[in-house]
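Here's the structure we're looking at; comments come further down.
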Number of protein chains: 2
Amino acid sequence: MDSLEIEPSLNFCQACAVRNRAICADLDEDELGLLNAIGRRKRLQAGEQLLWEGDDAIIVANVVEGVLKLSTQTADGREQILGMVYPSDFLGRPFGETTPYGVEAITDAQVCVFRRTDFDRFAREHPRLEHKLLERTLAELDRTRRWMVLLGRMNAEQKLATYLVETAERLIPANCKESELGDERSLTLPLSRQQMADVLGLTIETVSRHMTKLKNDGLIGLPGRRELTINSLKALAERGG
Amino acid sequence: MDSLEIEPSLNFCQACAVRNRAICADLDEDELGLLNAIGRRKRLQAGEQLLWEGDDAIIVANVVEGVLKLSTQTADGREQILGMVYPSDFLGRPFGETTPYGVEAITDAQVCVFRRTDFDRFAREHPRLEHKLLERTLAELDRTRRWMVLLGRMNAEQKLATYLVETAERLIPANCKESELGDERSLTLPLSRQQMADVLGLTIETVSRHMTKLKNDGLIGLPGRRELTINSLKALAERGG
DNA sequence: CGACGTCATTGATTTCGGTCAAACCGAACG
DNA sequence: CGTTCGGTTTGACCGAAATCAATGACGTCG
């Protein structure tokens with residue numbers, strides 16, 4: 001299975017944008033060289049699928065750039081998005097036989113891909129890497145459990161408000177550091193309405209209706225389909241949890 | 001904070017019921033001795049709280065016996081159960097500052113408790129243990145993500161059928177190994193109707209109604225409040241996902 | 001035994017979000 | 001410039017689950 005369209009392997013690691021934030025952060029130069037030897041950079045276009053649900057788990061990866069979604073299909077064909085991954089996040093299922101979810105690039109993206117068997121061996125031989133991976137997995141589990149509360153106990157408006165606040169918080173610090181311009185934010189939404197629905201366990205119509213409602217209530221502005229301004233982050237957060 | 005009512009420390013590990021299934025499984029005699037030295041057995045009565053949401057994360061534990069729930073409170077006072085832990089499962093938040101959920105014993109239980117700082121240090125020094133913990137955490141993350149689909153995309157009947165099947169599968173092999181009596185099972189439900197509602201993101205009335213419906217449809221029997229017989233595991237599973 | 005408290009069931013009603021259908025809007029293209 | 005097309009919004013209606021309320025079943029303790 002070597003049909004992955006992969007770029008030639010230079011030593012990317014040293015210049016890697018996520019060198020100090022990804023699981024490789026604690027590795028020394030030598031270890032990094034070894035890791036570099038088994039990994040390959042791969043570019044993905046928006047909409048391109050990296051892993052298919054149920055496939056043999058042949059690869060794992062670090063996200064270098066862009067946003068990807070993890071999702072699964074329900075029996076009746078609808079989709080539930082299980083999580084979003086951002087730069088420096090790890091994805092895939094090490095030490096497992098099959099990939100329990102599909103992975104698709106939401107924006108153009110760049111990932112650092114490893115054959116799972118190679119990665120598993122490397123991880124077992126390098127406890128510092130495994131430790132980083134453990135910390136990340138524990139943090140991801142916490143985040144996932146918080147999302148369960150959203151799915152299980154919130155109504156549509158609360159879900160939407162919570163999602164918008166969280167998106168703003170994850171996206172704004174990356175763009176600009178004017179965090180104390182006050183309570184306002186403006187950003188480009190990474191997800192379409194349908195994708196937002198799939199993240200929140202709603203339908204596209206319900207998402208659309210409540211976006212309009214939040215706008216009419218003066219909490220947000222919608223200058224364009226993908227554009228969002230938040231008039232008061234605090235007020236919006238209050239509509240959530 | 002040493003007011004934990006703890007039993008004196010004999011070397012429990014060798015005789016431990018979950019010795020070969022918990023994260024300690026890969027440790028040798030010496031390591032086990034060291035781990036034993038920092039851990040203590042603790043008995044819990046049904047309903048007793050082991051950890052409170054938001055507390056400093058001072059302890060982690062292995063479940064030796066019984067069932068416990070992880071749960072969180074919503075702003076409006078309702079509860080969402082984030083997960084159930086069974087014998088050999090690990091609980092608590094290693095490498096973290098605060099406990100992101102409350103832990104309460106559902107049945108009488110026995111756990112093997114460690115001060116978090118002691119455990120963290122031991123784990124860092126024993127990669128085999130950390131590896132086990134990583135595998136467990138990854139598996140738990142997979143399970144949690146599957147639960148997101150239940151919460152986000154299933155209707156009440158599907159949720160209930162899925163829950164009953166999963167409970168049967170987790171509980172039956174422990175009790176008796178007559179797994180090929182065919183497709184029937186009978187068991188004592190670990191959760192009250194209210195707790196089932198909290199796991200499934202429903203209300204107690206909806207749970208009750210759909211339990212009755214599944215009974216009337218001939219899929220299950222309800223000889224008592226906490227008693228359940230499954231007439232066909234396969235048929236019940238079909239009502240789920 | 002009878003009274004009480006807890007938990008579960010059942011019924012009546014409301015409400016929120018889903019479904020179906022139509023209109024709308026902006027970008028890409030001939 | 002008009003057409004087309006995908007994504008989005010809006011409306012009308014419906015149904016599943018929540019809510020409100022009453023009743024029932026069971027255990028326990030005086």
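Chain labels follow the order of the structure tokens: the first chain is A, the next B, and so on; residue numbering restarts at 1 in every chain, and ligands are counted from 1 in their shown order.
With only C-alpha atoms (C1' of nucleotides) taken into account, chain B has Ser192, Arg193, Gln194, Ile204, Glu205, Ser208, Arg209, Thr212 and Arg225 of chain B at most 10 Å from chain C.
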Do you know which residues are at most 10 Å from Val67 of chain A counting only C-alpha atoms (C1' of nucleotides), after dropping those on the same chain fewer than 4 positions away, and could you put them as a PyMOL selection string?
chain A and resi 46+63+84-87+89+104-110+190-191
Which chain D residues have any atom within 9 Å of an atom of chain A, and for each, what is the nearest pair of atoms with distance in Å to one decimal, counting only C-alpha atoms (C1' of nucleotides), rows sorted by chain and number, as a tab-separated table?
residue	atom	partner	partner_atom	distance
D:DG7	C1'	A:Ser192	CA	8.4
D:DT8	C1'	A:Ser208	CA	7.5
D:DT9	C1'	A:Ser208	CA	6.9
D:DT10	C1'	A:Arg209	CA	8.3
Once you count only C-alpha atoms, which residues of chain A turn out to be within 8 Å of chain B? Could you give them as a PyMOL selection string?
chain A and resi 74-75+80+82+93+95+100+124+127+130-131+133-135+137-138+140-142+144-145+147-149+151-153+200-202+241
Would you list, as number ranges by chain, the residues of segment 32-228 of chain A that end up in strand (DSSP E or B) under DSSP run on this structure's backbone?
A: 39-44, 49-51, 56, 59-65, 68-73, 79-85, 90-91, 98, 102-105, 109-115, 185-188, 220-224, 227-228
Do you have the atom CA of Ile23 of chain B-atom CA of Phe90 of chain B distance handy?
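Distance between the two atoms: 7.5 Å.
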Atom CA of Val111 of chain A to atom CA of Glu48 of chain A, distance in Å rounded to a single decimal:
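These two atoms are separated by 12.3 Å.
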With DSSP run on the backbone, what are the alpha helix (DSSP H) residues within segment 61-241 of chain B? I'd like them as number ranges by chain.
B: 116-125, 127-153, 156-175, 193-200, 204-216, 233-239
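Atom CA of Val113 of chain B is positioned 16.2 Å from atom CA of Ala15 of chain B.
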